[in-house]
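Following: one structure in structure tokens, then a few remarks.
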Amino acid sequence: MSSRSERGPFPDENLPEGSVVDGAQLASPFEDEADYVVVGSGAAGAVAAHTLATAGHSVILCEEGPWVRTREFTEDIDSSFRNLLRDNGLQVLRGRAYMPMLQGRVVGGSTVVNSAIAWRMPEDVVDEWRRDFGLGDAITMKDLEPHYEALERDLGVHPVDETVLGENNRLFIETGTKRGFEPQAMRRYERECQGSSRCIQGCPNGAKQGMNVTYVPWTLALGGRIVTDARVTRVVVAGGRAVGVEARSKSGARITLRARRGVFVAASTVQTPNLLRRSGLRARALGENFQAHPGQGFGALFDKPVDMGFGATQGAESIHFRTSHRFKLETISMPPELATARVPGVGAELSKRLAQLGNVGVWVVQFRSEGKGRVGRTWGGADRVTFSPTAGDMMRLRTAFAAIATMMFDAGAREVWPGIFGLPAVLGSHDDVKKLAEASLDPRAYSMVATHLFGAARMGPDPRTSVVGPDFQTHEVRDLHVVDSSIFPTNLGVNPQHAIMTLSRLAATRALERSGEIGVTRSGAVRVASVAAAGAA
Amino acid sequence: MSWKCLTGVEHGWAASVLDAMFPRGASLPLGIADMDVRGFLDRTFTSFPTEPALGLRLTLWIIVFAPLLVLRRARLFPSLPRLEQERVLDALFKSPIYAVRQLCVALKATAALLYAGNSRVRAAMTRTSHLSPRSGGARLVQLGGRRELAV
């Protein structure tokens with residue numbers, strides 16, 4: 001298998017001259033103007049920008065983080081997290097327990113550091129939004145279909161190829177199948193994955209189709225621009241409509257970006273609500289109804305090699321329990337630095353286990369929590385998110401943990417490490433799985449991580465209970481579109497990137513339709529924003 | 001040097017604590033003491049946001065003075081023999097006080113960035129036997145009744 005670097009440049013190289021303004025280097029105030037300004041270059045922002053650019057509009061993206069190029073990605077977690085994640089990966093949800101949350105802060109956003117898992121929004125979620133949140137026919141499965149198809153075509157969505165599945169994923173599928181958990185190889189955005197197991201550190205082969213190597217460079221190829229290392233301080237509102245943004249570069253320079261037609265905010269569930277607050281919005285629902293998919297991993301020591309250093313970082317999953325118990329099971333191949341923290345013991349005992357890390361696999365429970373939190377600000381103006389799982393969540397988690405531990409022992413694990421306070425650090429057999437039924441219901445007994453964040457600028461028809469209308473514009477300010485997962489009325493129970501991109505594409509398309517421009521046909525064919533159609537890639 | 005960085009005395013404590021966690025002469029080729037712990041901690045404390053940096057510093061103080069409560073002995077952590085150091089750490093990781101055990105886990109996770117990031121240690125940790133799954137194999141596993149995977 002040849003690497004891309006042998007074949008030619010990566011898509012984040014040789015960009016159009018003048019298309020990238022590096023905020024870290026700006027020495028004086030900077031001003032620019034376009035039809036649309038898009039805040040954030042992650043899954044939502046990049047897709048919206050590309051959709052608008054494909055329709056012939058000028059677009060400026062403004063990204064708080066730097067552009068770390070494919071050739072600059074490193075294998076070690078220390079520098080990867082420092083360069084790619086917000087606050088070095090040290091952000092936490094505060095509630096009954098502290099729960100780390102990981103967000104990309106880089107061109108491409110979290111798509112640079114996630115595992116590129118593609119899930120169409122489940123129909124029951126769309127129904128719930130329509131039934132319980134007043135969205136009616138604003139978002140239907142039929143509306144979403146052409147956008148899914150275009151995105152999947154553009155980003156090469158397909159199941160993990162068996163040649164790069166890796167043992168951690170293969171074991172999961174094999175044992176899950178025997179248990180009747182209907183496991184499957186994940187569908188991911190990738191082209192020619194080499195199985196480097198480095199999705200979390202940024203794909204070194206340009207195989208993962210993150211926004212940094214797809215919609216962002218494709219937007220620039222269509223004449224778009226991007227300002228990097230520039231934090232948007234507020235959206236400028238005049239006459240009741242959004243007319244641009246003000247930002248501050250990393251170097252301290254003041255940046256003014258004027259928008260003739262509107263502003264798209266895609267700064268993430270945590271940053272968007274506070275940006276809207278700084279911009280003068282006062283909706284009562286702003287910051288409320290935050291939701292997440294917390295998860296916890298189990299490590300297992302096998303007698304045979306698992307080699308998490310090879311294969312798709314995340315390549316196998318089961319949604320068998322999604323509707324009945326609100327959880328999803330999946331794999332994750334952890335780099336040694338992250339796996340080490342999950343290995344029990346200290347000193348010689350820890351060292352002995354670490355020496356066998358090649359025989360360790362990690363599988364994860366990710367659950368659709370019923371808990372609701374809040375996105376607010378500290379006295380100093382920093383983001384502060386409060387969130388706790390509910391008692392019902394914790395009850396269901398016991399079932400999830402038992403399922404994972406059982407699968408691990410089925411697969412031949414010699415030890416399973418649940419990492420739950422109050423239980424033995426090491427489970428040694430199927431008999432020990434029973435102990436998980438007595439696991440504490442206190443979230444503080446666990447080591448959960450939240451990777452999928454939703455809500456806090458919820459969509460709905462009523463300005464008293466929502467921030468954004470069914471047309472993706474805020475109730476308070478015209479031409480101010482919000483297109484990230486902060487608008488989701490609920491969490492999903494599956495990985496959200498595909499839903500985020502699809503809704504963003506739908507939002508941009510509808511903005512074009514409202515302005516009377518040729519855009520999308522409802523019968524299926526999408527005439528804007530397909531890379532192939534635009535010939536831009 | 002950032003105000004968030006450790007003092008000389010604290011650096012000494014940190015070296016002792018991390019050495020107890022990731023010792024020399026165990027099953028891996030290096031101990032953390034063979035690495036640039038001081039430089040790593042300076043870099044870490046400088047780049048970390050204030051709250052986590054203060055949390056890590058607090059952890060160090062908790063561990064150093066923990067023998068008073070855990071062992072009921074008026075000695076600081078660095079002066080204990082290795083086995084007693086491990087006992088103290090083990091007790092803190094299992095502490096009924098949530099903040100204490102979480103802070104200790106955070107310190108372990110932070111130190112792991114240095115220790116497991118070392119290329120020699122990493123290679124030894126992730127070494128696999130002759131049955132490496134990268135090589136593919138003979139057996140076939142039925143997937144979903146239609147796909148087959150070589151394993």
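Residue numbering restarts at 1 for every chain of the structure tokens, chains are lettered A, B, ... in their displayed order, and ligands are numbered from 1 as they appear.
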What residues in chain B have any atom no more than 6 Å from chain A when counting only C-alpha atoms, and can you write them as a PyMOL selection string? chain B and resi 20-23+26-27+109+112-113+116-117+125-128+132-133
Go ahead and save the residues from that selection, with C-alpha atoms, as a short mmCIF file (atom, residue, chain, number, x, y, z; two decimals), in the first residue's frame.
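Generated file (out_4.cif):
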data_model
loop_
_atom_site.label_atom_id
_atom_site.label_comp_id
_atom_site.auth_asym_id
_atom_site.auth_seq_id
_atom_site.Cartn_x
_atom_site.Cartn_y
_atom_site.Cartn_z
CA ALA B 20 7.50 5.66 42.37
CA MET B 21 4.77 5.48 39.74
CA PHE B 22 7.03 4.61 36.80
CA PRO B 23 10.17 3.07 38.37
CA ALA B 26 10.88 -3.00 36.42
CA SER B 27 9.48 -4.63 33.30
CA ALA B 109 -2.30 10.61 33.14
CA ALA B 112 2.07 9.11 31.14
CA LEU B 113 2.40 11.71 28.39
CA ALA B 116 4.69 6.42 27.35
CA GLY B 117 5.65 9.08 24.82
CA MET B 125 5.01 -1.46 25.65
CA THR B 126 3.49 -2.13 22.28
CA ARG B 127 5.72 -5.02 21.29
CA THR B 128 3.67 -7.96 20.03
CA SER B 132 0.93 -10.11 15.24
CA PRO B 133 -2.50 -9.40 13.80
#
Could you please write out, as a VMD selection string, every residue of chain B that DSSP assigns to strand (DSSP E)? chain B and resid 140 to 143 147 to 150
With C-alpha atoms retained, write the just-selected residues as a short mmCIF file (atom, residue, chain, number, x, y, z; two decimals), in the first residue's frame.
data_model
loop_
_atom_site.label_atom_id
_atom_site.label_comp_id
_atom_site.auth_asym_id
_atom_site.auth_seq_id
_atom_site.Cartn_x
_atom_site.Cartn_y
_atom_site.Cartn_z
CA LEU B 140 -12.05 -16.77 8.62
CA VAL B 141 -14.76 -15.17 10.72
CA GLN B 142 -18.27 -14.92 9.46
CA LEU B 143 -19.62 -11.36 9.60
CA ARG B 147 -19.00 -10.90 4.73
CA GLU B 148 -15.93 -12.83 5.62
CA LEU B 149 -12.86 -11.40 7.26
CA ALA B 150 -9.40 -12.82 7.03
#
Just checking: using only C-alpha atoms, which residue out of A:Gly202, A:Glu145, A:Asp479, A:Val494 ends up closest to Val236 in chain A?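 Closest residue, counting only C-alpha atoms: A:Asp479.
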Alpha helix (DSSP H) call set, DSSP backbone run, range 19-141 of chain B, as a PDB file with C-alpha atoms, in the first residue's frame:
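Writing done, so here's result24.pdb:
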ATOM      1  CA  ASP B  19       9.687   7.699  40.028  1.00  0.00           C
ATOM      2  CA  ALA B  20       7.499   5.658  42.373  1.00  0.00           C
ATOM      3  CA  MET B  21       4.765   5.480  39.742  1.00  0.00           C
ATOM      4  CA  VAL B  37      11.001  15.157  34.073  1.00  0.00           C
ATOM      5  CA  ARG B  38      11.881  18.715  35.043  1.00  0.00           C
ATOM      6  CA  GLY B  39      11.708  20.048  31.492  1.00  0.00           C
ATOM      7  CA  PHE B  40       8.462  18.196  30.864  1.00  0.00           C
ATOM      8  CA  LEU B  41       6.839  19.566  34.000  1.00  0.00           C
ATOM      9  CA  ASP B  42       7.971  23.118  33.245  1.00  0.00           C
ATOM     10  CA  ARG B  43       6.532  22.832  29.745  1.00  0.00           C
ATOM     11  CA  THR B  44       3.350  21.245  31.039  1.00  0.00           C
ATOM     12  CA  PHE B  45       2.719  23.748  33.807  1.00  0.00           C
ATOM     13  CA  THR B  46       3.385  26.625  31.407  1.00  0.00           C
ATOM     14  CA  SER B  47       1.002  25.365  28.746  1.00  0.00           C
ATOM     15  CA  THR B  50      -4.440  27.843  35.359  1.00  0.00           C
ATOM     16  CA  GLU B  51      -6.985  25.590  37.041  1.00  0.00           C
ATOM     17  CA  PRO B  52      -5.491  22.254  35.945  1.00  0.00           C
ATOM     18  CA  ALA B  53      -1.999  23.551  36.714  1.00  0.00           C
ATOM     19  CA  LEU B  54      -3.062  24.438  40.242  1.00  0.00           C
ATOM     20  CA  GLY B  55      -4.775  21.060  40.534  1.00  0.00           C
ATOM     21  CA  LEU B  56      -1.594  19.222  39.610  1.00  0.00           C
ATOM     22  CA  ARG B  57       0.404  21.239  42.098  1.00  0.00           C
ATOM     23  CA  LEU B  58      -2.156  20.497  44.809  1.00  0.00           C
ATOM     24  CA  THR B  59      -1.907  16.793  43.965  1.00  0.00           C
ATOM     25  CA  LEU B  60       1.794  16.888  44.578  1.00  0.00           C
ATOM     26  CA  TRP B  61       1.305  18.429  47.999  1.00  0.00           C
ATOM     27  CA  ILE B  62      -1.395  15.904  48.883  1.00  0.00           C
ATOM     28  CA  ILE B  63       0.859  12.990  47.952  1.00  0.00           C
ATOM     29  CA  VAL B  64       3.915  14.371  49.716  1.00  0.00           C
ATOM     30  CA  PHE B  65       2.059  14.819  52.991  1.00  0.00           C
ATOM     31  CA  PRO B  67       2.074   9.453  54.752  1.00  0.00           C
ATOM     32  CA  LEU B  68       0.847  11.390  57.773  1.00  0.00           C
ATOM     33  CA  LEU B  69      -2.673  10.102  57.200  1.00  0.00           C
ATOM     34  CA  VAL B  70      -2.144   6.899  55.265  1.00  0.00           C
ATOM     35  CA  ARG B  82       9.796   2.294  47.722  1.00  0.00           C
ATOM     36  CA  LEU B  83       7.271  -0.254  48.974  1.00  0.00           C
ATOM     37  CA  GLU B  84       5.754   2.241  51.364  1.00  0.00           C
ATOM     38  CA  GLN B  85       5.621   4.857  48.613  1.00  0.00           C
ATOM     39  CA  GLU B  86       3.646   2.404  46.510  1.00  0.00           C
ATOM     40  CA  ARG B  87       1.345   1.728  49.453  1.00  0.00           C
ATOM     41  CA  VAL B  88       0.664   5.426  49.842  1.00  0.00           C
ATOM     42  CA  LEU B  89      -0.028   5.897  46.141  1.00  0.00           C
ATOM     43  CA  ASP B  90      -2.265   2.854  46.054  1.00  0.00           C
ATOM     44  CA  ALA B  91      -4.267   4.181  48.992  1.00  0.00           C
ATOM     45  CA  LEU B  92      -4.678   7.581  47.342  1.00  0.00           C
ATOM     46  CA  PHE B  93      -5.847   6.044  44.066  1.00  0.00           C
ATOM     47  CA  TYR B  98     -13.422  11.763  44.993  1.00  0.00           C
ATOM     48  CA  ALA B  99     -11.222  14.813  44.535  1.00  0.00           C
ATOM     49  CA  VAL B 100      -8.174  13.042  45.924  1.00  0.00           C
ATOM     50  CA  ARG B 101      -8.395   9.985  43.699  1.00  0.00           C
ATOM     51  CA  GLN B 102      -9.277  12.016  40.606  1.00  0.00           C
ATOM     52  CA  LEU B 103      -6.344  14.357  41.149  1.00  0.00           C
ATOM     53  CA  CYS B 104      -4.024  11.376  41.492  1.00  0.00           C
ATOM     54  CA  VAL B 105      -5.387   9.876  38.279  1.00  0.00           C
ATOM     55  CA  ALA B 106      -4.840  13.232  36.575  1.00  0.00           C
ATOM     56  CA  LEU B 107      -1.216  13.277  37.709  1.00  0.00           C
ATOM     57  CA  LYS B 108      -0.691   9.725  36.481  1.00  0.00           C
ATOM     58  CA  ALA B 109      -2.296  10.614  33.137  1.00  0.00           C
ATOM     59  CA  THR B 110      -0.096  13.687  32.806  1.00  0.00           C
ATOM     60  CA  ALA B 111       3.090  11.790  33.641  1.00  0.00           C
ATOM     61  CA  ALA B 112       2.071   9.110  31.143  1.00  0.00           C
ATOM     62  CA  LEU B 113       2.401  11.705  28.386  1.00  0.00           C
ATOM     63  CA  LEU B 114       6.124  11.821  29.101  1.00  0.00           C
ATOM     64  CA  TYR B 115       6.688   8.201  30.034  1.00  0.00           C
ATOM     65  CA  SER B 119      10.128   5.980  21.947  1.00  0.00           C
ATOM     66  CA  ARG B 120      12.002   3.179  23.761  1.00  0.00           C
ATOM     67  CA  VAL B 121       9.307   2.710  26.349  1.00  0.00           C
ATOM     68  CA  ARG B 122       6.606   2.928  23.723  1.00  0.00           C
ATOM     69  CA  ALA B 123       8.272   0.284  21.601  1.00  0.00           C
ATOM     70  CA  ALA B 124       8.607  -2.043  24.578  1.00  0.00           C
ATOM     71  CA  MET B 125       5.006  -1.456  25.654  1.00  0.00           C
TER      72      MET B 125
END
Within 10 Å of Ala267 in chain A using only C-alpha atoms, minus same-chain residues under 3 positions, as an NGL selection string: :A and (38-45 or 62-64 or 105 or 109 or 231-232 or 264 or 270-275 or 482-486)
Residues within 8 Å of Lys372 in chain A, please, as a short mmCIF file (atom, residue, chain, number, x, y, z; two decimals) with N, CA and C atoms, in the first residue's frame. Count only C-alpha atoms; anything in the same chain fewer than 6 positions from it doesn't count.
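That gives us result.cif:
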data_model
loop_
_atom_site.label_atom_id
_atom_site.label_comp_id
_atom_site.auth_asym_id
_atom_site.auth_seq_id
_atom_site.Cartn_x
_atom_site.Cartn_y
_atom_site.Cartn_z
N GLU A 288 -29.07 26.78 27.84
CA GLU A 288 -29.82 25.71 28.52
C GLU A 288 -29.91 24.46 27.64
N ASN A 289 -30.36 23.38 28.26
CA ASN A 289 -30.63 22.12 27.55
C ASN A 289 -29.39 21.47 26.92
N PHE A 290 -28.25 21.72 27.50
CA PHE A 290 -27.02 21.08 27.03
C PHE A 290 -27.13 19.56 27.26
N GLN A 291 -26.74 18.79 26.27
CA GLN A 291 -26.73 17.33 26.41
C GLN A 291 -25.42 16.75 25.89
N PHE A 387 -23.00 19.66 33.95
CA PHE A 387 -23.75 18.51 33.41
C PHE A 387 -23.58 17.32 34.34
N SER A 388 -24.65 16.59 34.56
CA SER A 388 -24.57 15.32 35.31
C SER A 388 -25.47 14.29 34.66
N PRO A 389 -25.03 13.05 34.61
CA PRO A 389 -25.93 11.99 34.16
C PRO A 389 -27.05 11.78 35.18
#
Separation of CA of Gly18 in chain A and CA of His50 in chain A, in Å? 17.7 Å
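Take CA of Phe321 in chain A and CA of Ala437 in chain A: the distance between them is 17.0 Å.
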How many Å lie between CA of Ser28 in chain A and CA of Gly381 in chain A, rounded to one decimal? 25.3 Å
For Ile319 in chain A: contacts at 12 Å, only C-alpha atoms, fewer than 3 positions along chain excluded, given as a ChimeraX atom specification: /A:119,122,176,180-186,316,322-330,365-368,400,492-495
For the selection just defined, write its residues with C-alpha atoms to a file, as a tab-separated table (two decimals), in the first residue's frame.
chain	number	residue	atom	x	y	z
A	119	TRP	CA	-24.01	7.82	11.14
A	122	PRO	CA	-31.79	7.86	13.40
A	176	GLY	CA	-20.39	-9.45	19.50
A	180	GLY	CA	-26.14	-11.57	19.07
A	181	PHE	CA	-25.25	-7.91	19.61
A	182	GLU	CA	-25.25	-7.26	15.84
A	183	PRO	CA	-21.85	-5.61	15.67
A	184	GLN	CA	-20.61	-4.12	12.45
A	185	ALA	CA	-17.60	-2.48	10.89
A	186	MET	CA	-18.01	1.28	11.21
A	316	ALA	CA	-16.36	-1.64	15.16
A	322	ARG	CA	-29.49	1.92	21.53
A	323	THR	CA	-33.26	2.05	21.68
A	324	SER	CA	-33.81	-0.37	24.58
A	325	HIS	CA	-31.06	0.88	26.92
A	326	ARG	CA	-29.81	4.09	25.27
A	327	PHE	CA	-26.21	2.97	24.86
A	328	LYS	CA	-23.84	2.07	22.06
A	329	LEU	CA	-20.82	-0.19	22.26
A	330	GLU	CA	-17.70	0.51	20.26
A	365	VAL	CA	-19.70	2.30	26.28
A	366	GLN	CA	-21.15	5.53	24.95
A	367	PHE	CA	-24.58	6.41	26.26
A	368	ARG	CA	-27.40	8.69	25.25
A	400	ALA	CA	-23.69	-1.72	29.41
A	492	LEU	CA	-28.76	11.25	19.12
A	493	GLY	CA	-27.40	8.01	20.53
A	494	VAL	CA	-25.02	7.73	17.58
A	495	ASN	CA	-21.91	9.67	16.55
Can you pull out every residue within 7 Å of range 455-463 of chain A, counting only C-alpha atoms, but drop anything in the same chain fewer than 2 positions away, and send it as an mmCIF file with C-alpha atoms, in the first residue's frame?
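And here's part_30.cif as it stands now:
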data_model
loop_
_atom_site.group_PDB
_atom_site.id
_atom_site.type_symbol
_atom_site.label_atom_id
_atom_site.label_comp_id
_atom_site.auth_asym_id
_atom_site.auth_seq_id
_atom_site.Cartn_x
_atom_site.Cartn_y
_atom_site.Cartn_z
ATOM 1 C CA PHE A 133 -39.956 20.072 19.825
ATOM 2 C CA GLY A 134 -42.330 21.634 17.359
ATOM 3 C CA LEU A 135 -40.147 21.257 14.304
ATOM 4 C CA THR A 269 -22.019 23.612 21.373
ATOM 5 C CA PRO A 273 -23.890 30.100 23.155
ATOM 6 C CA ALA A 285 -33.007 29.255 26.319
ATOM 7 C CA LEU A 286 -29.460 30.353 25.521
ATOM 8 C CA GLY A 287 -27.047 28.014 27.296
ATOM 9 C CA GLU A 288 -29.824 25.714 28.522
ATOM 10 C CA ASN A 289 -30.626 22.118 27.550
ATOM 11 C CA PHE A 290 -27.022 21.076 27.034
ATOM 12 C CA GLN A 291 -26.732 17.333 26.407
ATOM 13 C CA ARG A 374 -25.937 24.359 31.053
ATOM 14 C CA VAL A 375 -23.304 26.305 29.153
ATOM 15 C CA THR A 465 -37.994 28.003 24.647
ATOM 16 C CA SER A 466 -35.494 28.077 21.800
ATOM 17 C CA VAL A 467 -32.729 30.250 20.370
ATOM 18 C CA VAL A 468 -32.802 29.340 16.694
ATOM 19 C CA GLY A 469 -35.863 29.024 14.483
ATOM 20 C CA PRO A 470 -36.598 26.128 12.138
ATOM 21 C CA HIS A 475 -35.119 34.415 16.652
ATOM 22 C CA SER A 485 -24.822 20.863 17.184
ATOM 23 C CA SER A 486 -25.784 23.566 19.682
ATOM 24 C CA ILE A 487 -29.098 23.766 17.785
ATOM 25 C CA PHE A 488 -29.912 20.068 18.273
ATOM 26 C CA PRO A 489 -33.014 19.703 20.463
ATOM 27 C CA THR A 490 -31.673 16.391 21.809
#
